[in-house]
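Engineer: I have a structure here, written as C-alpha cells, and I will follow up with some questions on it.
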Amino acid sequence: MDTIGFKTYLQNATYIKEGKEVLHKKTAIDKRIREAQELEECLHIDLDDYVESKEKFTELLIRVRAAEIEDLRRIHKSNAARHYYSYKNGGVKFGRIFYSQKYTEV
C-alpha cells in the first residue's frame with residue numbers, strides 16, 4: 001500500500017457535510033490509514049493488488065466479509081479499502097456491495 005500517497009490523497013479529498021464541502025480531519029485520515037494497514041495484515045495482502053479492477057476489488061470485499069474481521073455494525077476496514085480504491089483510481093468511488101447491520105435491521 002502506498003501510505004504516503006494515500007495520506008496526501010485523503011488530506012486533499014473532500015466530502016459533503018450539512019450541505020458544505022469539507023476536508024477530512026487528521027484523526028479520520030489516520031484511522032483510515034490504520035484500518036487499511038490492519039486489513040492488509042489480517043488478510044496477508046497488498047491492497048494495490050486489489051484496486052486494479054472492479055472485479056478484483058469486489059473479490060476483496062467479499063473476502064473481507066467472509067473472514068469476519070470487522071464488526072458488521074461498523075465496517076471500517078471495508079470503508080478504508082474503498083477510499084484506497086478511490087485514491088488509486090483517480091477519485092472514482094466504489095459503492096458498497098454489503099451494508100452494515102445498522103442499515104439493514106428492520
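Each chain of the C-alpha cells is named A, B, ... in the order shown, its residues numbered from 1; ligands are numbered from 1 in display order.
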Just the residues within 6 Å of stretch 46-52 of chain A, please, counting only C-alpha atoms, with nothing from its chain fewer than 2 positions along; format it as a list in words.
Structural biologist: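 Answer for this query is Met1, Glu40, Lys56, Phe57 and Tyr85 of chain A.
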Engineer: Quick one: residues within 10 Å of A:Val64, only C-alpha atoms, excluding same-chain residues fewer than 2 positions away - as a list in words?
Structural biologist: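 Listed by chain and then number, they are Leu39, Cys42, Leu43, Thr58, Glu59, Leu60, Leu61, Ile62, Ala66, Ala67, Glu68, Ile69, Glu70, Ile75, Lys77 and Ser78 of chain A.
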Engineer: Hey, can you spit out that residue selection with all heavy atoms as a short mmCIF file (atom, residue, chain, number, x, y, z; two decimals), in the first residue's frame?
Structural biologist:
```
data_model
loop_
_atom_site.label_atom_id
_atom_site.label_comp_id
_atom_site.auth_asym_id
_atom_site.auth_seq_id
_atom_site.Cartn_x
_atom_site.Cartn_y
_atom_site.Cartn_z
N LEU A 39 -6.18 -4.25 7.61
CA LEU A 39 -6.81 -5.13 6.62
C LEU A 39 -5.74 -5.93 5.88
O LEU A 39 -5.86 -7.14 5.73
CB LEU A 39 -7.65 -4.31 5.65
CG LEU A 39 -8.24 -5.07 4.46
CD1 LEU A 39 -9.22 -6.13 4.94
CD2 LEU A 39 -8.93 -4.09 3.52
N CYS A 42 -4.34 -8.55 8.34
CA CYS A 42 -5.28 -9.64 8.64
C CYS A 42 -5.40 -10.64 7.49
O CYS A 42 -5.48 -11.84 7.72
CB CYS A 42 -6.67 -9.08 8.95
SG CYS A 42 -6.79 -8.25 10.53
N LEU A 43 -5.42 -10.13 6.26
CA LEU A 43 -5.61 -11.00 5.10
C LEU A 43 -4.30 -11.36 4.40
O LEU A 43 -4.31 -12.10 3.42
CB LEU A 43 -6.56 -10.33 4.10
CG LEU A 43 -7.99 -10.08 4.59
CD1 LEU A 43 -8.82 -9.41 3.50
CD2 LEU A 43 -8.66 -11.37 5.05
N THR A 58 -14.13 -6.22 -5.91
CA THR A 58 -15.33 -6.92 -5.42
C THR A 58 -14.92 -8.20 -4.70
O THR A 58 -15.44 -8.51 -3.63
CB THR A 58 -16.29 -7.24 -6.59
OG1 THR A 58 -16.70 -6.01 -7.19
CG2 THR A 58 -17.52 -7.99 -6.10
N GLU A 59 -13.96 -8.93 -5.27
CA GLU A 59 -13.44 -10.14 -4.63
C GLU A 59 -12.89 -9.82 -3.24
O GLU A 59 -13.10 -10.58 -2.29
CB GLU A 59 -12.30 -10.75 -5.46
CG GLU A 59 -12.73 -11.45 -6.71
CD GLU A 59 -11.52 -11.94 -7.51
OE1 GLU A 59 -10.45 -12.23 -6.91
OE2 GLU A 59 -11.63 -12.01 -8.74
N LEU A 60 -12.18 -8.69 -3.13
CA LEU A 60 -11.62 -8.30 -1.83
C LEU A 60 -12.73 -8.05 -0.81
O LEU A 60 -12.65 -8.53 0.31
CB LEU A 60 -10.75 -7.06 -1.97
CG LEU A 60 -10.25 -6.48 -0.64
CD1 LEU A 60 -9.33 -7.46 0.07
CD2 LEU A 60 -9.57 -5.15 -0.86
N LEU A 61 -13.75 -7.30 -1.20
CA LEU A 61 -14.83 -7.01 -0.25
C LEU A 61 -15.55 -8.28 0.19
O LEU A 61 -15.91 -8.42 1.36
CB LEU A 61 -15.81 -6.01 -0.86
CG LEU A 61 -15.24 -4.61 -1.13
CD1 LEU A 61 -16.30 -3.72 -1.76
CD2 LEU A 61 -14.68 -3.98 0.14
N ILE A 62 -15.71 -9.21 -0.72
CA ILE A 62 -16.32 -10.50 -0.36
C ILE A 62 -15.40 -11.25 0.60
O ILE A 62 -15.86 -11.85 1.58
CB ILE A 62 -16.63 -11.32 -1.63
CG1 ILE A 62 -17.75 -10.65 -2.42
CG2 ILE A 62 -16.97 -12.76 -1.28
CD1 ILE A 62 -17.95 -11.18 -3.82
N ALA A 66 -16.23 -12.54 4.37
CA ALA A 66 -16.11 -13.97 4.69
C ALA A 66 -15.13 -14.21 5.85
O ALA A 66 -15.31 -15.13 6.64
CB ALA A 66 -15.67 -14.75 3.46
N ALA A 67 -14.10 -13.37 5.96
CA ALA A 67 -13.09 -13.54 7.01
C ALA A 67 -13.59 -13.08 8.38
O ALA A 67 -12.95 -13.38 9.39
CB ALA A 67 -11.83 -12.77 6.64
N GLU A 68 -14.70 -12.37 8.40
CA GLU A 68 -15.30 -11.89 9.65
C GLU A 68 -14.29 -11.11 10.50
O GLU A 68 -14.16 -11.32 11.70
CB GLU A 68 -15.89 -13.05 10.45
CG GLU A 68 -17.01 -13.76 9.71
CD GLU A 68 -17.60 -14.93 10.48
OE1 GLU A 68 -17.05 -15.33 11.54
OE2 GLU A 68 -18.63 -15.44 10.02
N ILE A 69 -13.59 -10.18 9.86
CA ILE A 69 -12.57 -9.40 10.57
C ILE A 69 -13.05 -8.02 10.98
O ILE A 69 -12.28 -7.24 11.54
CB ILE A 69 -11.28 -9.27 9.73
CG1 ILE A 69 -11.57 -8.61 8.39
CG2 ILE A 69 -10.61 -10.61 9.57
CD1 ILE A 69 -10.33 -8.29 7.58
N GLU A 70 -14.31 -7.71 10.70
CA GLU A 70 -14.83 -6.43 11.15
C GLU A 70 -16.24 -6.59 11.70
O GLU A 70 -16.97 -7.50 11.29
CB GLU A 70 -14.79 -5.37 10.04
CG GLU A 70 -15.55 -5.70 8.79
CD GLU A 70 -15.34 -4.67 7.69
OE1 GLU A 70 -14.64 -3.67 7.86
OE2 GLU A 70 -15.90 -4.89 6.61
N ILE A 75 -18.13 -0.97 9.52
CA ILE A 75 -17.31 -1.64 8.51
C ILE A 75 -16.11 -0.77 8.11
O ILE A 75 -15.89 -0.43 6.97
CB ILE A 75 -18.16 -2.06 7.29
CG1 ILE A 75 -18.96 -0.88 6.74
CG2 ILE A 75 -19.09 -3.20 7.67
CD1 ILE A 75 -19.72 -1.19 5.46
N LYS A 77 -12.82 -1.30 8.01
CA LYS A 77 -11.79 -1.82 7.11
C LYS A 77 -12.25 -1.78 5.65
O LYS A 77 -11.51 -1.38 4.77
CB LYS A 77 -11.38 -3.23 7.54
CG LYS A 77 -10.57 -3.25 8.81
CD LYS A 77 -10.27 -4.64 9.28
CE LYS A 77 -9.45 -4.67 10.54
NZ LYS A 77 -9.95 -3.87 11.65
N SER A 78 -13.49 -2.17 5.42
CA SER A 78 -14.04 -2.11 4.06
C SER A 78 -14.09 -0.67 3.56
O SER A 78 -13.77 -0.39 2.41
CB SER A 78 -15.44 -2.72 4.02
OG SER A 78 -15.40 -4.09 4.33
#
```
Engineer: What's the separation between atom CA of A:Val22 and atom CA of A:Phe98, in Å to one decimal place?
Structural biologist: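 Atom CA of A:Phe98 lies 26.1 Å from atom CA of A:Val22.
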Engineer: Select from chain A everything DSSP, run on the backbone, classes as helix (DSSP H, G or I), then give the selection as a PyMOL selection string.
Structural biologist: chain A and resi 3-12+26-43+47-49+54-67+76-88+101-104
Engineer: Output C-alpha atoms for every residue in that selection, as a short mmCIF file (atom, residue, chain, number, x, y, z; two decimals), in the first residue's frame.
Structural biologist:
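Saved as part_31.cif:
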```cif
data_model
loop_
_atom_site.label_atom_id
_atom_site.label_comp_id
_atom_site.auth_asym_id
_atom_site.auth_seq_id
_atom_site.Cartn_x
_atom_site.Cartn_y
_atom_site.Cartn_z
CA THR A 3 0.72 5.01 2.60
CA ILE A 4 2.25 8.40 1.80
CA GLY A 5 0.25 8.87 -1.40
CA PHE A 6 -2.93 7.67 0.33
CA LYS A 7 -2.43 10.16 3.16
CA THR A 8 -1.86 13.01 0.71
CA TYR A 9 -4.99 11.99 -1.22
CA LEU A 10 -7.10 11.94 1.96
CA GLN A 11 -5.72 15.31 3.09
CA ASN A 12 -6.98 16.86 -0.14
CA LYS A 26 -6.49 14.38 10.76
CA THR A 27 -7.95 11.74 13.10
CA ALA A 28 -10.18 10.40 10.30
CA ILE A 29 -7.23 10.26 7.91
CA ASP A 30 -5.05 8.45 10.44
CA LYS A 31 -7.85 5.97 11.22
CA ARG A 32 -8.45 5.15 7.54
CA ILE A 33 -4.75 4.52 7.00
CA ARG A 34 -4.55 2.37 10.15
CA GLU A 35 -7.66 0.36 9.17
CA ALA A 36 -6.28 -0.22 5.65
CA GLN A 37 -2.97 -1.41 7.11
CA GLU A 38 -4.79 -3.73 9.53
CA LEU A 39 -6.81 -5.13 6.62
CA GLU A 40 -3.60 -5.94 4.76
CA GLU A 41 -2.15 -7.60 7.86
CA CYS A 42 -5.28 -9.64 8.64
CA LEU A 43 -5.61 -11.00 5.10
CA LEU A 47 -4.22 -3.53 -1.32
CA ASP A 48 -2.50 -2.48 -4.54
CA ASP A 49 -3.16 -5.96 -5.91
CA LYS A 54 -13.73 -3.60 -10.17
CA GLU A 55 -13.79 -7.39 -10.29
CA LYS A 56 -10.70 -7.80 -8.11
CA PHE A 57 -11.95 -5.19 -5.66
CA THR A 58 -15.33 -6.92 -5.42
CA GLU A 59 -13.44 -10.14 -4.63
CA LEU A 60 -11.62 -8.30 -1.83
CA LEU A 61 -14.83 -7.01 -0.25
CA ILE A 62 -16.32 -10.50 -0.36
CA ARG A 63 -13.14 -11.88 1.20
CA VAL A 64 -13.28 -9.28 3.99
CA ARG A 65 -16.87 -10.24 4.77
CA ALA A 66 -16.11 -13.97 4.69
CA ALA A 67 -13.09 -13.54 7.01
CA HIS A 76 -14.19 0.49 8.94
CA LYS A 77 -11.79 -1.82 7.11
CA SER A 78 -14.04 -2.11 4.06
CA ASN A 79 -14.57 1.64 4.03
CA ALA A 80 -10.83 2.30 4.29
CA ALA A 81 -10.29 -0.06 1.35
CA ARG A 82 -12.99 1.77 -0.64
CA HIS A 83 -11.17 5.08 -0.01
CA TYR A 84 -7.93 3.48 -1.14
CA TYR A 85 -9.68 2.30 -4.29
CA SER A 86 -10.74 5.92 -4.95
CA TYR A 87 -7.19 7.11 -4.41
CA LYS A 88 -5.71 4.62 -6.86
CA GLN A 101 -26.18 -4.18 10.02
CA LYS A 102 -27.32 -0.86 11.45
CA TYR A 103 -28.71 -0.06 7.99
CA THR A 104 -30.33 -3.41 7.31
#
```
Engineer: As an exercise, work out the distance from atom CA of A:Glu21 to atom CA of A:Asp71 in Å and give it to one decimal place.
Structural biologist: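 Spanning atom CA of A:Glu21 to atom CA of A:Asp71 is a straight-line distance of 28.9 Å.
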Engineer: Record the distance separating atom CA of A:Lys25 and atom CA of A:Ala13, expressed in Å with one decimal.
Structural biologist: 10.4 Å
